[in-house]
Every structure is written in C-alpha cells, then in structure tokens.
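A.B. asks: Mind looking over this structure? Questions follow.
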Amino acid sequence: MKVTIAKIFLFMLAVVSLYAYVGQLVPQFEEHPPKKKVITPQTTGDDLVAAGQEILRGKGGCLICHKDQERGNERGPDLRRAAGKAATRKPGIAAEAYLIESMVEPYAFIVEGYPKMMPPAMKPPASLSMAEVKAVVAYLQSLGGAEVTVSVQAGDVAAGKKAVGPVHRGRQLMDANGCLGCHKLAGEGGAVGPELTRVAERREPAKIAQKIADPKLWTAEGFQAGLMPPRPDLPEGDRQEIAAYLAGLSGKAYSPTGAASPWSHEGVRLGVVIAVFNTVMLLVLAWARSREKSPLSPGPSPIEGEGRNAAGDAT
Ligand code: HEC
Ligand code: HEC
C-alpha cells in the first residue's frame, strides 16, 4: 500500500511538472488585436463621431495638450469649445474649414494667448489621413453641440493609405497611445520626454512595461517628473508588447512569456486540478483492490504482500 501511494505521488508530481513546463511555453497574456476601423465615405453620423473620438484620444495624441472632457491637458484650448468658436475665429473662413485648417495647418492661425506648438495632424507623430482628420472634426462638432457638417470623400481615404510593411504590434500600440507625442523614436516624435530608441540599453524591458503603468517608478535624468500619464488601463500584454518592441530596437531579445509566479498560470492550475483528480481516482482504485483481497486472508499480511508485489512489478 505504501509503495502504491508513493507511486501515485510520483505520478502526480510528474503530471504537475509536465503541465507547468508546457504552461511556461504558452504566452501568458491575452492578445488584443488592434481594432481595424476603416473610415470610408459611408462612415457617417454617430459612427464618424465615434471614430473621431477614438483618434483624438488615441493615435492623434491630442489629449497631450487639449481637453475633450475633464481629462486631458491645458497646453492648448479646451476642445469642448472649439466648434463653437470656429465660426468667429478667422474672418472669411467657415467653421468646418477652420477646424480642418487648425489641425492640418495649425500655424495658419494661432489662438491668442497660446504658444505655437501644435504639430500638424497629418505629419508625424500623429500622421492622420484626411479621412481621420475629418472624423476628428465630426467629433469636435458633436462635442460642441454643433451640427455635424463634415463628410468623408473617396479621395480623403485614398490619401491616407500608405504602403508600409508589417509594423511591430508594440510600435502600433505606441502610435495608438500617443507615446510619440512626447517621445522620439529614431528622431521622429515629440521632445517632452526622453528619446526611447535605445531606452532598453539603460532600462530592463520588464521595468519599462511597469513604468508605463506607473511612471513614478523612476524619473529619467534631466526630465520633469509627473508629466508622463500613468496607463494602468493598458492591458499587461500591451505593455509587454511595447517593452518587447523597445527591447528589439536596442538589439535585445525580450519575450515576456515566463510566469511571474507559477500559480498564476492557467496551465499549472489545470495541471493541479487534473493531478488531484487522478490521485483521488487511483486512491479509490487502490482502496477497492485492497478490499477485494482482504476477506481472503485477514490481517496485515496482504497489505505487506501487495507492497512487495508492487515493488517487484516496478523492477
Ligand atoms: C503639443 C501640443 C498640441 C497637440 C499634440 C495638439 N494641439 Fe491642438 N493646439 C495646441 C495649441 C497650443 C493650440 C492653440 C494655438 C494654435 O492655434 O495653434 C491648439 C489649437 C487647436 C485648435 C484650435 C482651437 C480653437 O479654439 O480655435 C484645434 C481645433 C486643435 N488644436 C485640435 C487639435 C487636435 C484635434 C489635435 C490632435 C490631432 C491637436 N490639436 C493636437 C496644442 C496642441
Ligand atoms: C505627456 C507626455 C508623455 C507621454 C504621452 C508619454 N510619456 Fe513617457 N515620459 C515622459 C516624460 C516627461 C518622461 C521623463 C520623466 C520620467 O521618467 O517620468 C518619460 C519617461 C519615459 C520612460 C523612461 C525613459 C528613461 O530614459 O528612463 C519610458 C520608458 C517611457 N516614458 C515610455 C513611454 C511610453 C511607452 C509611452 C506611451 C504609452 C509614454 N512614455 C507616454 C512623458 C510622456
């Protein structure tokens, strides 16, 4: 009986180890494929407004300087009032045209009391297409309570299509989350924060992933603390993808698949459940076998005998 239990225990250990090993090989985090929202001339009304909101808050990087809610910054005018002011800002130019111009050619008219700092929306880092600019204008119009007059033409869509090769998902995430509004990558982007092209040479990739959620972890020398917006809302997997992309730029391999704690891993948990289940099954079987034998020869000897048998089988 003792040997049977020892065998069961070893078997269980083997099962757990196997699952733990296989589990480590499987990426730990969920994949969030980027939402592909293509703006076409058929995108109108609420859909266009929603697309515009997503661009303004995401890849447009507009909240680095503007507010569209209580959230955002005050380097530029509050965008909740932009549509209302648009009609009177510049004589001879209609509200819709003014809004488009203020995004595409921000220096054509500088709002009084503000510095000349807004990057043209169709140039890096935002690199919006005209269709995307118009979507943002639709959002600004609806935000200001104005009628949505803007509409996307076929030419606006074609103008935005760029022939680019596959882009690392970490890079897409950085673009989509406005990192380049403040950071440069290979010379492209803003200068509010340090250039990130070789950041993985001075920082651990795992730490970079943490810093995105909690910028207070450290402050890069020569830069102001508290400017970088904390993004704990970004899924762990997305933050790791960004860290992996930045690691790659420095020639480092970083694949964040290792489990921080084995118990946090699905594979390990499943392994334990199966192992416990198997153990119970085997114990019940062993118990049934010992009960079958015991009436024939009562006393402790059959258990001893079975132990020797089992040991014999093993060799
Ligand atoms: C680096 C900071 C910065 C970023 C990023 C930025 N802006 Fe601006 N924006 C400004 C400043 C400063 C002004 C006011 C001076 C001027 O007119 O250029 C301004 C002006 C504007 C105006 C005119 C507002 C008015 O009341 O007349 C609009 C509209 C606007 N921005 C929209 C956007 C949108 C949309 C984005 C994102 C695609 C964006 N901005 C990104 C700084 C920024
Ligand atoms: C509003 C501007 C702003 C945005 C947006 C921003 N950052 Fe930063 N970031 C900063 C500033 C300023 C610093 C330097 C001060 C500090 O370390 O907190 C910094 C520091 C960093 C550092 C540390 C660099 C070093 O040399 O140690 C990393 C890594 C970083 N940011 C990554 C990101 C990523 C990734 C994103 C996008 C998800 C992002 N940042 C968005 C402003 C920004």
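Residues in the structure tokens are numbered from 1 in each chain, the chains being A, B, ... in the order shown, and ligands are numbered from 1 in the order shown.
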If we count only C-alpha atoms, what is near Arg75 (chain A) at a cut-off of 8 Å, once residues fewer than 5 positions away on the same chain are taken out, given as number ranges by chain?

C.D. replies: A: 64-66, 114

A.B. asks: Generate a file of the selected residues that holds N, CA and C atoms, formatted as a JSON list (two decimals), in the first residue's frame.

C.D. replies:
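Saved to selection-v8.json:
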[["chain", "number", "residue", "atom", "x", "y", "z"],
["A", 64, "ILE", "N", -2.66, 65.15, -25.13],
["A", 64, "ILE", "CA", -1.39, 65.59, -24.55],
["A", 64, "ILE", "C", -1.47, 67.09, -24.29],
["A", 65, "CYS", "N", -2.22, 67.79, -25.12],
["A", 65, "CYS", "CA", -2.29, 69.25, -24.99],
["A", 65, "CYS", "C", -3.70, 69.79, -24.79],
["A", 66, "HIS", "N", -4.69, 68.99, -25.14],
["A", 66, "HIS", "CA", -6.07, 69.51, -25.09],
["A", 66, "HIS", "C", -6.93, 68.70, -24.14],
["A", 114, "TYR", "N", -1.84, 81.51, -26.72],
["A", 114, "TYR", "CA", -1.25, 80.16, -26.74],
["A", 114, "TYR", "C", 0.03, 80.15, -27.55]]

A.B. asks: Enumerate, as a PyMOL selection string, the complete set of residues in region 6-219 of chain A that a backbone-based DSSP assignment places in alpha helix (DSSP H).

C.D. replies: chain A and resi 6-25+45-57+82-89+95-104+130-143+154-160+169-176+199-202+205-213

A.B. asks: Hey, which residues sit close to ligand 1? Say within 6 Å, counting only C-alpha atoms and all ligand atoms, and write them as a list in words.

C.D. replies: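 Residues satisfying the distance criterion: Leu56, Gly60, Gly61, Cys62, Ile64, Cys65, Arg75, Gly76, Pro77, Ala82, Lys85, Ala86, Leu99, Ser102, Met103, Pro106, Tyr107, Phe109, Ile110, Val111, Tyr114, Pro115, Lys116, Met117, Met118, Pro119 and Ala121 of chain A.
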
A.B. asks: Let's see if you can do this: from backbone DSSP, list all strand (DSSP E) residues in region 102-283 of chain A, as an MDAnalysis selection string.

C.D. replies: chainID A and resid 184:185 188:189

A.B. asks: Would you mind exporting the chosen residues as a short mmCIF file (atom, residue, chain, number, x, y, z; two decimals), in the first residue's frame, restricted to N, CA and C atoms?

C.D. replies:
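Okay, this is what ended up in part.cif:
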data_model
loop_
_atom_site.label_atom_id
_atom_site.label_comp_id
_atom_site.auth_asym_id
_atom_site.auth_seq_id
_atom_site.Cartn_x
_atom_site.Cartn_y
_atom_site.Cartn_z
N LYS A 184 10.59 60.58 -28.73
CA LYS A 184 11.09 60.34 -30.09
C LYS A 184 11.48 58.89 -30.27
N LEU A 185 11.22 58.37 -31.46
CA LEU A 185 11.74 57.07 -31.87
C LEU A 185 12.45 57.31 -33.19
N GLU A 188 11.86 60.69 -34.69
CA GLU A 188 10.50 61.10 -35.03
C GLU A 188 9.66 61.15 -33.76
N GLY A 189 8.98 62.26 -33.52
CA GLY A 189 8.12 62.36 -32.35
C GLY A 189 8.42 63.59 -31.52
#

A.B. asks: What's the 7 Å shell around Glu132 (chain A), counting only C-alpha atoms, without same-chain residues fewer than 4 positions away, as an NGL selection string?

C.D. replies: :A and (52 or 128 or 136)

A.B. asks: Those same residues - N, CA and C atoms - I'd like them written as a PDB file, in the first residue's frame.

C.D. replies:
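selection29.pdb, written as the output of this step:
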ATOM      1  N   GLY A  52     -13.874  59.509 -34.698  1.00  0.00           N
ATOM      2  CA  GLY A  52     -13.119  60.727 -34.404  1.00  0.00           C
ATOM      3  C   GLY A  52     -12.696  60.788 -32.948  1.00  0.00           C
ATOM      4  N   LEU A 128      -2.130  61.568 -39.347  1.00  0.00           N
ATOM      5  CA  LEU A 128      -3.516  61.218 -39.673  1.00  0.00           C
ATOM      6  C   LEU A 128      -3.751  61.368 -41.183  1.00  0.00           C
ATOM      7  N   VAL A 136     -12.241  63.441 -36.789  1.00  0.00           N
ATOM      8  CA  VAL A 136     -11.999  64.212 -35.564  1.00  0.00           C
ATOM      9  C   VAL A 136     -12.852  65.489 -35.588  1.00  0.00           C
TER      10      VAL A 136
END

A.B. asks: Each residue of chain A with at least one atom at most 9 Å from ligand 2 should appear once, together with its nearest atom pair and the corresponding distance in Å (one decimal); atoms considered: only C-alpha atoms and all ligand atoms; ordering: chain, then increasing residue number; output as CSV.

C.D. replies:
residue,atom,partner,partner_atom_place_in_ligand_line,distance
A:Gly61,CA,ligand 2,5 (C),7.5
A:Leu63,CA,ligand 2,1 (C),8.5
A:Ile64,CA,ligand 2,1 (C),5.2
A:Cys65,CA,ligand 2,1 (C),8.0
A:Asn73,CA,ligand 2,1 (C),8.7
A:Gly170,CA,ligand 2,35 (C),9.0
A:Leu173,CA,ligand 2,38 (C),7.5
A:Met174,CA,ligand 2,37 (C),5.4
A:Asp175,CA,ligand 2,37 (C),8.0
A:Ala176,CA,ligand 2,38 (C),8.6
A:Asn177,CA,ligand 2,38 (C),5.4
A:Gly178,CA,ligand 2,5 (C),5.4
A:Cys179,CA,ligand 2,37 (C),3.4
A:Leu180,CA,ligand 2,5 (C),7.0
A:Gly181,CA,ligand 2,5 (C),5.8
A:Cys182,CA,ligand 2,2 (C),4.4
A:His183,CA,ligand 2,7 (N),6.3
A:Gly190,CA,ligand 2,2 (C),8.4
A:Ala191,CA,ligand 2,12 (C),8.4
A:Val192,CA,ligand 2,12 (C),5.3
A:Gly193,CA,ligand 2,11 (C),3.6
A:Pro194,CA,ligand 2,26 (O),5.7
A:Glu195,CA,ligand 2,26 (O),7.3
A:Leu196,CA,ligand 2,24 (C),6.4
A:Arg198,CA,ligand 2,26 (O),8.6
A:Val199,CA,ligand 2,26 (O),5.5
A:Ala200,CA,ligand 2,29 (C),8.0
A:Arg202,CA,ligand 2,26 (O),7.0
A:Arg203,CA,ligand 2,27 (O),6.5
A:Pro205,CA,ligand 2,29 (C),8.6
A:Lys207,CA,ligand 2,29 (C),8.2
A:Ile208,CA,ligand 2,29 (C),4.9
A:Ala209,CA,ligand 2,35 (C),7.7
A:Gln210,CA,ligand 2,29 (C),8.9
A:Lys211,CA,ligand 2,29 (C),6.3
A:Ile212,CA,ligand 2,34 (C),5.6
A:Ala213,CA,ligand 2,38 (C),8.4
A:Pro215,CA,ligand 2,18 (O),5.3
A:Lys216,CA,ligand 2,18 (O),6.3
A:Leu217,CA,ligand 2,18 (O),7.9
A:Trp218,CA,ligand 2,17 (O),5.6
A:Thr219,CA,ligand 2,17 (O),3.3
A:Ala220,CA,ligand 2,17 (O),3.8
A:Glu221,CA,ligand 2,17 (O),7.2
A:Gly222,CA,ligand 2,14 (C),7.7
A:Phe223,CA,ligand 2,14 (C),4.7
A:Gln224,CA,ligand 2,15 (C),5.1
A:Ala225,CA,ligand 2,18 (O),4.6
A:Gly226,CA,ligand 2,18 (O),6.0
A:Leu227,CA,ligand 2,12 (C),4.8
A:Met228,CA,ligand 2,43 (C),3.7
A:Pro229,CA,ligand 2,4 (C),5.8
A:Pro230,CA,ligand 2,41 (C),8.1
A:Arg231,CA,ligand 2,38 (C),6.9
A:Leu234,CA,ligand 2,38 (C),8.2
A:Arg239,CA,ligand 2,35 (C),7.6
A:Ile242,CA,ligand 2,35 (C),6.3
A:Ala243,CA,ligand 2,35 (C),7.4
A:Leu246,CA,ligand 2,29 (C),8.4

A.B. asks: If I take CA of Val15 (chain A) and CA of Glu292 (chain A), how far is one from the other in Å, to one decimal?

C.D. replies: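 Taking CA of Val15 (chain A) and CA of Glu292 (chain A), their separation equals 28.5 Å.
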
A.B. asks: Tell me which protein, DNA and RNA residues are within 10 Å of Ser255 (chain A), counting only C-alpha atoms, leaving out same-chain ones fewer than 5 positions away, and put them as a list in words.

C.D. replies: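 That gives Pro27, Pro205, Ala206, Gln240, Glu241, Ala243, Ala244, Tyr245 and Ala247 of chain A.
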
A.B. asks: Those residues with N, CA and C atoms, as a compact mmCIF listing (two decimals), in the first residue's frame please?

C.D. replies:
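This went into out_0.txt:
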# COMPACT_ATOMS: atom_id res chain seq x y z
N PRO A 27 2.34 31.76 -24.23
CA PRO A 27 2.33 33.17 -23.80
C PRO A 27 1.28 33.41 -22.72
N PRO A 205 13.69 45.71 -19.87
CA PRO A 205 12.39 45.71 -20.56
C PRO A 205 11.21 45.48 -19.60
N ALA A 206 11.39 44.58 -18.63
CA ALA A 206 10.28 44.32 -17.69
C ALA A 206 9.94 45.58 -16.90
N GLN A 240 3.65 44.83 -22.26
CA GLN A 240 4.78 43.93 -22.54
C GLN A 240 5.18 44.00 -24.02
N GLU A 241 4.19 44.14 -24.89
CA GLU A 241 4.48 44.25 -26.33
C GLU A 241 5.31 45.50 -26.61
N ALA A 243 7.27 47.02 -24.47
CA ALA A 243 8.60 46.77 -23.90
C ALA A 243 9.40 45.87 -24.85
N ALA A 244 8.73 44.86 -25.43
CA ALA A 244 9.43 43.95 -26.34
C ALA A 244 9.89 44.69 -27.59
N TYR A 245 9.05 45.61 -28.07
CA TYR A 245 9.43 46.39 -29.26
C TYR A 245 10.65 47.26 -28.95
N ALA A 247 12.84 46.81 -26.59
CA ALA A 247 13.99 45.94 -26.37
C ALA A 247 14.62 45.58 -27.72

A.B. asks: Residues within 6 Å of region 147-154 of chain A, please, as number ranges by chain. Count only C-alpha atoms; anything in the same chain fewer than 2 positions from it doesn't count.

C.D. replies: A: 41, 131, 138, 141, 156-157

A.B. asks: Just write the chosen residues, N, CA and C atoms, as a short mmCIF file (atom, residue, chain, number, x, y, z; two decimals), in the first residue's frame.

C.D. replies:
data_model
loop_
_atom_site.label_atom_id
_atom_site.label_comp_id
_atom_site.auth_asym_id
_atom_site.auth_seq_id
_atom_site.Cartn_x
_atom_site.Cartn_y
_atom_site.Cartn_z
N PRO A 41 -16.27 56.80 -47.12
CA PRO A 41 -17.35 57.79 -47.33
C PRO A 41 -18.68 57.32 -46.74
N ALA A 131 -9.18 61.57 -44.07
CA ALA A 131 -10.41 60.94 -43.58
C ALA A 131 -10.43 60.96 -42.05
N ALA A 138 -15.69 65.86 -37.05
CA ALA A 138 -17.07 65.46 -36.74
C ALA A 138 -17.25 65.34 -35.23
N GLN A 141 -17.33 68.77 -33.65
CA GLN A 141 -18.63 69.43 -33.88
C GLN A 141 -19.68 68.88 -32.93
N ASP A 156 -10.26 61.38 -49.69
CA ASP A 156 -9.69 61.51 -48.34
C ASP A 156 -9.16 60.17 -47.85
N VAL A 157 -9.85 59.10 -48.24
CA VAL A 157 -9.46 57.77 -47.79
C VAL A 157 -8.19 57.34 -48.50
#

A.B. asks: Which residue out of A:Gly155, A:Gly237, A:Gly144, A:Gly187 has the minimum interatomic distance to Asp68 (chain A) when only C-alpha atoms are used?

C.D. replies: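 Smallest distance to Asp68 (chain A) is found for A:Gly144.
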
A.B. asks: I need the residue nearest Leu143 (chain A) from this list: A:Ala87, A:Ala94, A:Val49, A:Ala286. Use only C-alpha atoms for the distance.

C.D. replies: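 Smallest separation from Leu143 (chain A) among the options: A:Val49.
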